[in-house]
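Here's start_6.tsv, which has TSV, C-alpha atoms:
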```tsv
chain	number	residue	atom	x	y	z
A	1	MET	CA	1.20	20.21	-11.32
A	2	ASN	CA	2.60	21.72	-14.48
A	3	LYS	CA	-0.21	22.45	-16.92
A	4	ASP	CA	2.02	21.50	-19.86
A	5	THR	CA	2.99	18.01	-18.71
A	6	LEU	CA	1.46	14.83	-17.36
A	7	VAL	CA	1.87	13.64	-13.77
A	8	PHE	CA	4.21	10.69	-13.25
A	9	GLY	CA	5.08	9.05	-9.95
A	10	VAL	CA	8.49	7.70	-8.96
A	11	GLY	CA	8.61	4.14	-7.64
A	12	ASN	CA	6.22	2.87	-4.99
A	13	ALA	CA	6.18	0.21	-2.26
A	14	LYS	CA	6.76	-2.52	-4.87
A	15	LEU	CA	8.82	-0.67	-7.47
A	16	GLU	CA	12.36	0.62	-7.40
A	17	LYS	CA	13.24	4.31	-7.74
A	18	ASP	CA	14.40	3.73	-11.35
A	19	THR	CA	10.74	3.19	-12.31
A	20	VAL	CA	8.32	6.01	-13.06
A	21	THR	CA	4.59	5.32	-13.03
A	22	PHE	CA	1.72	6.78	-15.01
A	23	SER	CA	-1.95	6.54	-14.09
A	24	LEU	CA	-5.42	7.45	-15.26
A	25	PRO	CA	-8.65	7.27	-13.21
A	26	ALA	CA	-9.63	3.71	-12.32
A	27	GLY	CA	-12.77	2.52	-14.07
A	28	HIS	CA	-13.36	5.77	-15.94
A	29	ALA	CA	-10.39	5.00	-18.21
A	30	CYS	CA	-10.94	1.22	-18.28
A	31	PRO	CA	-13.43	0.46	-21.06
A	32	PHE	CA	-12.83	-3.30	-20.98
A	33	ALA	CA	-12.77	-3.88	-17.21
A	34	HIS	CA	-15.29	-6.45	-16.05
A	35	GLN	CA	-14.51	-8.42	-12.88
A	36	CYS	CA	-12.58	-5.52	-11.30
A	37	ARG	CA	-14.79	-2.67	-12.53
A	38	SER	CA	-14.71	0.03	-9.83
A	39	SER	CA	-14.38	3.77	-9.98
A	40	ALA	CA	-14.13	6.68	-7.58
A	41	ASP	CA	-16.31	9.71	-8.21
A	42	ARG	CA	-14.18	12.56	-9.58
A	43	GLU	CA	-15.40	15.05	-6.97
A	44	THR	CA	-16.38	13.06	-3.88
A	45	GLY	CA	-14.16	9.98	-4.19
A	46	LYS	CA	-17.14	7.73	-3.43
A	47	ILE	CA	-16.54	4.31	-5.01
A	48	LYS	CA	-19.03	2.69	-7.34
A	49	ASP	CA	-18.59	-0.94	-8.34
A	50	GLY	CA	-19.71	-2.29	-11.69
A	51	PRO	CA	-22.52	-4.84	-12.04
A	52	HIS	CA	-20.07	-7.75	-12.49
A	53	THR	CA	-17.40	-6.70	-9.99
A	54	GLN	CA	-15.89	-9.72	-8.22
A	55	PHE	CA	-13.03	-7.79	-6.64
A	56	ARG	CA	-12.60	-4.07	-6.25
A	57	CYS	CA	-9.88	-2.35	-8.21
A	58	TYR	CA	-7.12	-1.44	-5.77
A	59	ALA	CA	-6.51	1.82	-7.66
A	60	ALA	CA	-10.09	2.99	-7.06
A	61	ASN	CA	-9.45	2.61	-3.33
A	62	SER	CA	-6.44	4.93	-3.42
A	63	GLU	CA	-8.41	7.48	-5.44
A	64	SER	CA	-11.17	7.32	-2.86
A	65	LEU	CA	-8.79	7.81	0.06
A	66	PHE	CA	-6.45	10.43	-1.40
A	67	ARG	CA	-7.87	13.46	-3.19
A	68	ASN	CA	-4.45	14.44	-4.61
A	69	VAL	CA	-4.15	11.01	-6.27
A	70	ARG	CA	-7.62	11.42	-7.80
A	71	VAL	CA	-6.84	14.95	-9.03
A	72	GLY	CA	-3.55	13.88	-10.64
A	73	ARG	CA	-5.12	10.96	-12.48
A	74	TRP	CA	-8.00	13.07	-13.75
A	75	ASN	CA	-5.60	15.78	-14.90
A	76	ASN	CA	-3.69	13.14	-16.87
A	77	PHE	CA	-6.92	11.83	-18.40
A	78	ASP	CA	-8.11	15.31	-19.36
A	79	ARG	CA	-4.73	16.24	-20.89
A	80	ILE	CA	-4.48	13.00	-22.87
A	81	ARG	CA	-8.03	13.33	-24.24
A	82	ALA	CA	-7.32	16.94	-25.26
A	83	GLY	CA	-3.92	15.97	-26.67
A	84	GLY	CA	-4.84	15.84	-30.36
A	85	THR	CA	-3.19	13.37	-32.72
A	86	THR	CA	-1.33	10.20	-31.82
A	87	GLU	CA	1.92	12.05	-32.52
A	88	GLN	CA	0.94	14.95	-30.24
A	89	ILE	CA	-0.06	12.60	-27.41
A	90	ALA	CA	3.23	10.67	-27.80
A	91	ALA	CA	5.14	13.95	-27.64
A	92	LEU	CA	3.26	14.90	-24.46
A	93	ILE	CA	4.07	11.52	-22.89
A	94	THR	CA	7.75	11.79	-23.86
A	95	ALA	CA	8.06	15.37	-22.62
A	96	SER	CA	6.47	14.41	-19.30
A	97	ILE	CA	8.61	11.37	-18.41
A	98	PRO	CA	10.81	12.35	-15.47
A	99	ARG	CA	14.40	11.58	-16.51
A	100	ARG	CA	15.95	12.31	-13.10
A	101	ARG	CA	19.57	12.58	-14.30
A	102	GLY	CA	19.64	9.23	-16.05
A	103	LYS	CA	18.13	7.31	-13.12
A	104	THR	CA	14.89	6.49	-14.95
A	105	LYS	CA	15.05	3.09	-16.63
A	106	LEU	CA	11.47	1.81	-16.55
A	107	VAL	CA	8.12	3.42	-17.36
A	108	ARG	CA	5.15	1.60	-15.81
A	109	PHE	CA	2.09	2.68	-17.74
A	110	HIS	CA	-1.33	2.39	-16.13
A	111	GLN	CA	-0.67	1.69	-12.53
A	112	SER	CA	-4.30	2.76	-12.70
A	113	GLY	CA	-6.49	3.07	-15.78
A	114	ASP	CA	-5.98	1.49	-19.20
A	115	PHE	CA	-5.80	2.15	-22.90
A	116	PHE	CA	-9.16	3.68	-23.79
A	117	ASN	CA	-8.84	3.93	-27.59
A	118	GLN	CA	-6.54	2.86	-30.41
A	119	ALA	CA	-4.96	6.29	-30.94
A	120	TYR	CA	-3.96	6.42	-27.27
A	121	PHE	CA	-2.46	2.90	-27.40
A	122	ASP	CA	-0.59	3.90	-30.55
A	123	ALA	CA	0.76	7.01	-28.79
A	124	TRP	CA	2.38	4.82	-26.14
A	125	LEU	CA	3.93	2.63	-28.86
A	126	LEU	CA	5.32	5.74	-30.52
A	127	ALA	CA	6.65	7.08	-27.20
A	128	ALA	CA	8.44	3.74	-26.67
A	129	ARG	CA	9.98	3.92	-30.16
A	130	GLN	CA	11.13	7.49	-29.47
A	131	ASN	CA	12.74	6.45	-26.16
A	132	PRO	CA	14.67	3.24	-26.89
A	133	ASP	CA	16.76	3.71	-23.73
A	134	LEU	CA	13.67	3.07	-21.57
A	135	ILE	CA	11.58	-0.05	-21.00
A	136	PHE	CA	7.83	0.61	-21.08
A	137	TYR	CA	5.64	-1.99	-19.39
A	138	GLY	CA	2.23	-2.59	-17.95
A	139	TYR	CA	-0.94	-4.66	-17.91
A	140	THR	CA	-4.06	-4.23	-20.00
A	141	LYS	CA	-7.57	-5.46	-20.57
A	142	ALA	CA	-7.75	-3.43	-23.81
A	143	LEU	CA	-6.64	-6.44	-25.81
A	144	GLN	CA	-8.09	-5.49	-29.20
A	145	PHE	CA	-5.88	-2.40	-29.40
A	146	TRP	CA	-2.84	-4.62	-28.71
A	147	VAL	CA	-3.93	-7.31	-31.17
A	148	ASN	CA	-4.42	-4.65	-33.86
A	149	ARG	CA	-0.70	-3.80	-33.53
A	150	LEU	CA	0.89	-7.18	-32.76
A	151	ALA	CA	3.37	-6.82	-35.62
A	152	GLU	CA	4.32	-3.28	-34.55
A	153	ILE	CA	5.25	-3.68	-30.88
A	154	PRO	CA	8.77	-2.31	-30.26
A	155	ALA	CA	11.21	-4.46	-28.27
A	156	ASN	CA	11.15	-2.03	-25.32
A	157	PHE	CA	7.34	-2.20	-24.95
A	158	LYS	CA	6.30	-5.05	-22.63
A	159	VAL	CA	2.57	-5.56	-22.23
A	160	VAL	CA	0.74	-8.33	-20.40
A	161	ALA	CA	-2.95	-9.22	-20.72
A	162	SER	CA	-4.83	-8.86	-17.44
A	163	ARG	CA	-7.52	-11.53	-17.27
A	164	GLY	CA	-10.99	-10.71	-16.02
A	165	GLY	CA	-11.89	-8.27	-18.77
A	166	LEU	CA	-14.42	-8.19	-21.59
A	167	GLN	CA	-11.91	-9.31	-24.24
A	168	ASP	CA	-10.36	-12.36	-22.55
A	169	ALA	CA	-11.13	-14.59	-25.55
A	170	LEU	CA	-8.33	-12.80	-27.42
A	171	ILE	CA	-5.73	-14.12	-24.96
A	172	GLU	CA	-5.87	-17.72	-26.21
A	173	LYS	CA	-6.72	-16.77	-29.77
A	174	HIS	CA	-3.51	-14.71	-30.09
A	175	ASN	CA	-1.39	-16.52	-27.48
A	176	LEU	CA	-0.97	-13.35	-25.41
A	177	ARG	CA	1.10	-13.39	-22.25
A	178	SER	CA	-1.34	-13.01	-19.35
A	179	VAL	CA	-1.89	-12.81	-15.61
A	180	LYS	CA	-4.94	-13.16	-13.40
A	181	VAL	CA	-5.93	-12.08	-9.93
A	182	VAL	CA	-5.97	-14.86	-7.35
A	183	PHE	CA	-7.35	-14.70	-3.85
A	184	SER	CA	-4.90	-16.78	-1.86
A	185	LYS	CA	-1.26	-17.88	-1.72
A	186	TYR	CA	-2.46	-21.42	-2.42
A	187	ALA	CA	-4.18	-20.31	-5.64
A	188	ALA	CA	-1.07	-18.39	-6.66
A	189	ARG	CA	1.16	-21.44	-6.18
A	190	LYS	CA	-1.30	-23.63	-8.08
```
Structure encoded using structure tokens:
Amino acid sequence: MNKDTLVFGVGNAKLEKDTVTFSLPAGHACPFAHQCRSSADRETGKIKDGPHTQFRCYAANSESLFRNVRVGRWNNFDRIRAGGTTEQIAALITASIPRRRGKTKLVRFHQSGDFFNQAYFDAWLLAARQNPDLIFYGYTKALQFWVNRLAEIPANFKVVASRGGLQDALIEKHNLRSVKVVFSKYAARK
């Protein structure tokens, strides 16, 4: 890991190689998680579920199983929190995005973790504005930060509300695009 940049992944089992992914520690960086609240201990990887957990966060499982995944996510979290102003955090994000000779087209924020304060959300908006050739997308339970900036979302920033969080009431109130976890193919079709 380079101490001056954030850790991004490239693709995964579900994503093409033109997509880079960014993650923070599950649960620890998810202030509005409710039904999926789970986190892996930073040192041991032992998972702790929240008091209202109905399904375990898949990202906490990978942090529990793979120390290198846990270390990378915590390094990202530490660097972001020490990043300073919104502008400085946006610059760090932009400088860290792997461009891979023009092959990068999509930036999937928060494969794990979430927006943990308004300044951090705003830094991602600024990074999207500064990189109009890329599409930034992801899911969030931090709906108030999004609602606070509804009129300022750039066209290349695609965010979807993830139901099952503490701020779900804002989904209907602001007509936010949303998804929810289902437990069967039948429920998904329905």
Would you please work out which residue, of A:His34, A:Lys105, A:Lys190, A:Lys46, is nearest to Ser62 (chain A) when using all atoms listed in the file?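 Ranking A:His34, A:Lys105, A:Lys190, A:Lys46 by distance to Ser62 (chain A), first place goes to A:Lys46.
Nearest to Gly9 (chain A) of all the residues A:Ser23, A:Thr86, A:Lys173, A:Asn68 is A:Ser23, counting only C-alpha atoms.
For the residues A:His174, A:Arg56, A:Arg189, A:Arg73, ranking by smallest atom-to-atom distance to Ala33 (chain A) using all atoms listed in the file places A:Arg56 first.
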Spatial neighbours of Ile153 (chain A), max dist 10 Å, all atoms listed in the file, sep filter under 6 positions, as a ChimeraX atom specification: /A:122,125-126,128-129,146-147,159
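For Cys30 (chain A), the set of protein, DNA and RNA residues having any atom at most 7 Å away, when counting only C-alpha atoms and skipping those fewer than 6 positions along the same chain, is Gly113, Asp114, Phe115 and Phe116 of chain A.
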Extract, using only C-alpha atoms, all DNA, RNA and protein residues at most 6 Å from Cys36 (chain A), discarding same-chain residues fewer than 4 positions from it, and format them as a list in words.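 Neighbouring residues, sequence-local ones excluded: Thr53, Phe55, Arg56 and Cys57 of chain A.
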Residue among A:Thr19, A:Gln130, A:Ser64, A:Gln118 lying closest to Ile93 (chain A), counting only C-alpha atoms: A:Gln130
Please indicate the distance in Å from CA of Ala60 (chain A) to CA of Ala40 (chain A), rounded to one decimal place.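 CA of Ala40 (chain A) lies at a distance of 5.5 Å from CA of Ala60 (chain A).
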Would you mind putting all heavy atoms back on region 125-136 of chain A and writing the result as a short mmCIF file (atom, residue, chain, number, x, y, z; two decimals), keeping the file's coordinate frame?
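Below is the file selection-v6.cif, written as the result:
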```cif
data_model
loop_
_atom_site.label_atom_id
_atom_site.label_comp_id
_atom_site.auth_asym_id
_atom_site.auth_seq_id
_atom_site.Cartn_x
_atom_site.Cartn_y
_atom_site.Cartn_z
N LEU A 125 2.97 3.34 -28.01
CA LEU A 125 3.93 2.63 -28.86
C LEU A 125 4.94 3.61 -29.46
O LEU A 125 6.14 3.34 -29.48
CB LEU A 125 3.21 1.89 -29.99
CG LEU A 125 2.33 0.70 -29.62
CD1 LEU A 125 1.73 0.09 -30.88
CD2 LEU A 125 3.11 -0.33 -28.83
N LEU A 126 4.45 4.73 -29.93
CA LEU A 126 5.32 5.74 -30.52
C LEU A 126 6.28 6.31 -29.47
O LEU A 126 7.48 6.49 -29.74
CB LEU A 126 4.49 6.85 -31.16
CG LEU A 126 5.26 7.96 -31.88
CD1 LEU A 126 6.20 7.40 -32.93
CD2 LEU A 126 4.25 8.94 -32.51
N ALA A 127 5.79 6.58 -28.28
CA ALA A 127 6.65 7.08 -27.20
C ALA A 127 7.75 6.06 -26.89
O ALA A 127 8.91 6.44 -26.67
CB ALA A 127 5.83 7.38 -25.95
N ALA A 128 7.42 4.78 -26.91
CA ALA A 128 8.44 3.74 -26.67
C ALA A 128 9.49 3.75 -27.79
O ALA A 128 10.69 3.68 -27.52
CB ALA A 128 7.79 2.37 -26.55
N ARG A 129 9.04 3.87 -29.03
CA ARG A 129 9.98 3.92 -30.16
C ARG A 129 10.90 5.15 -30.05
O ARG A 129 12.07 5.08 -30.40
CB ARG A 129 9.23 3.97 -31.48
CG ARG A 129 8.70 2.64 -31.92
CD ARG A 129 8.14 2.70 -33.35
NE ARG A 129 7.10 1.71 -33.47
CZ ARG A 129 5.80 1.94 -33.37
NH1 ARG A 129 5.34 3.16 -33.19
NH2 ARG A 129 4.94 0.96 -33.47
N GLN A 130 10.36 6.24 -29.57
CA GLN A 130 11.13 7.49 -29.47
C GLN A 130 12.08 7.50 -28.26
O GLN A 130 12.92 8.38 -28.16
CB GLN A 130 10.17 8.69 -29.37
CG GLN A 130 9.39 8.92 -30.64
CD GLN A 130 8.29 9.96 -30.49
OE1 GLN A 130 7.91 10.33 -29.38
NE2 GLN A 130 7.77 10.43 -31.61
N ASN A 131 11.93 6.53 -27.38
CA ASN A 131 12.74 6.45 -26.16
C ASN A 131 13.31 5.04 -26.01
O ASN A 131 12.99 4.32 -25.05
CB ASN A 131 11.89 6.82 -24.93
CG ASN A 131 11.42 8.25 -24.97
OD1 ASN A 131 12.16 9.14 -24.60
ND2 ASN A 131 10.20 8.47 -25.45
N PRO A 132 14.17 4.62 -26.92
CA PRO A 132 14.67 3.24 -26.89
C PRO A 132 15.54 2.92 -25.68
O PRO A 132 15.79 1.74 -25.40
CB PRO A 132 15.48 3.14 -28.19
CG PRO A 132 15.87 4.54 -28.51
CD PRO A 132 14.73 5.41 -28.02
N ASP A 133 15.96 3.93 -24.94
CA ASP A 133 16.76 3.71 -23.73
C ASP A 133 15.90 3.34 -22.53
O ASP A 133 16.43 2.96 -21.47
CB ASP A 133 17.57 4.96 -23.40
CG ASP A 133 16.69 6.19 -23.20
OD1 ASP A 133 15.74 6.40 -23.98
OD2 ASP A 133 16.96 6.95 -22.25
N LEU A 134 14.59 3.40 -22.66
CA LEU A 134 13.67 3.07 -21.57
C LEU A 134 12.89 1.81 -21.90
O LEU A 134 12.62 1.52 -23.07
CB LEU A 134 12.68 4.22 -21.34
CG LEU A 134 13.27 5.58 -20.97
CD1 LEU A 134 12.16 6.63 -20.92
CD2 LEU A 134 13.98 5.50 -19.63
N ILE A 135 12.49 1.08 -20.86
CA ILE A 135 11.58 -0.05 -21.00
C ILE A 135 10.20 0.42 -20.54
O ILE A 135 10.06 0.93 -19.43
CB ILE A 135 12.02 -1.25 -20.14
CG1 ILE A 135 13.42 -1.72 -20.52
CG2 ILE A 135 11.00 -2.39 -20.25
CD1 ILE A 135 13.56 -2.30 -21.89
N PHE A 136 9.22 0.27 -21.40
CA PHE A 136 7.83 0.61 -21.08
C PHE A 136 7.10 -0.70 -20.80
O PHE A 136 7.20 -1.64 -21.59
CB PHE A 136 7.17 1.30 -22.28
CG PHE A 136 7.71 2.67 -22.56
CD1 PHE A 136 8.95 2.85 -23.15
CD2 PHE A 136 6.96 3.79 -22.25
CE1 PHE A 136 9.46 4.11 -23.41
CE2 PHE A 136 7.45 5.07 -22.52
CZ PHE A 136 8.70 5.23 -23.09
#
```
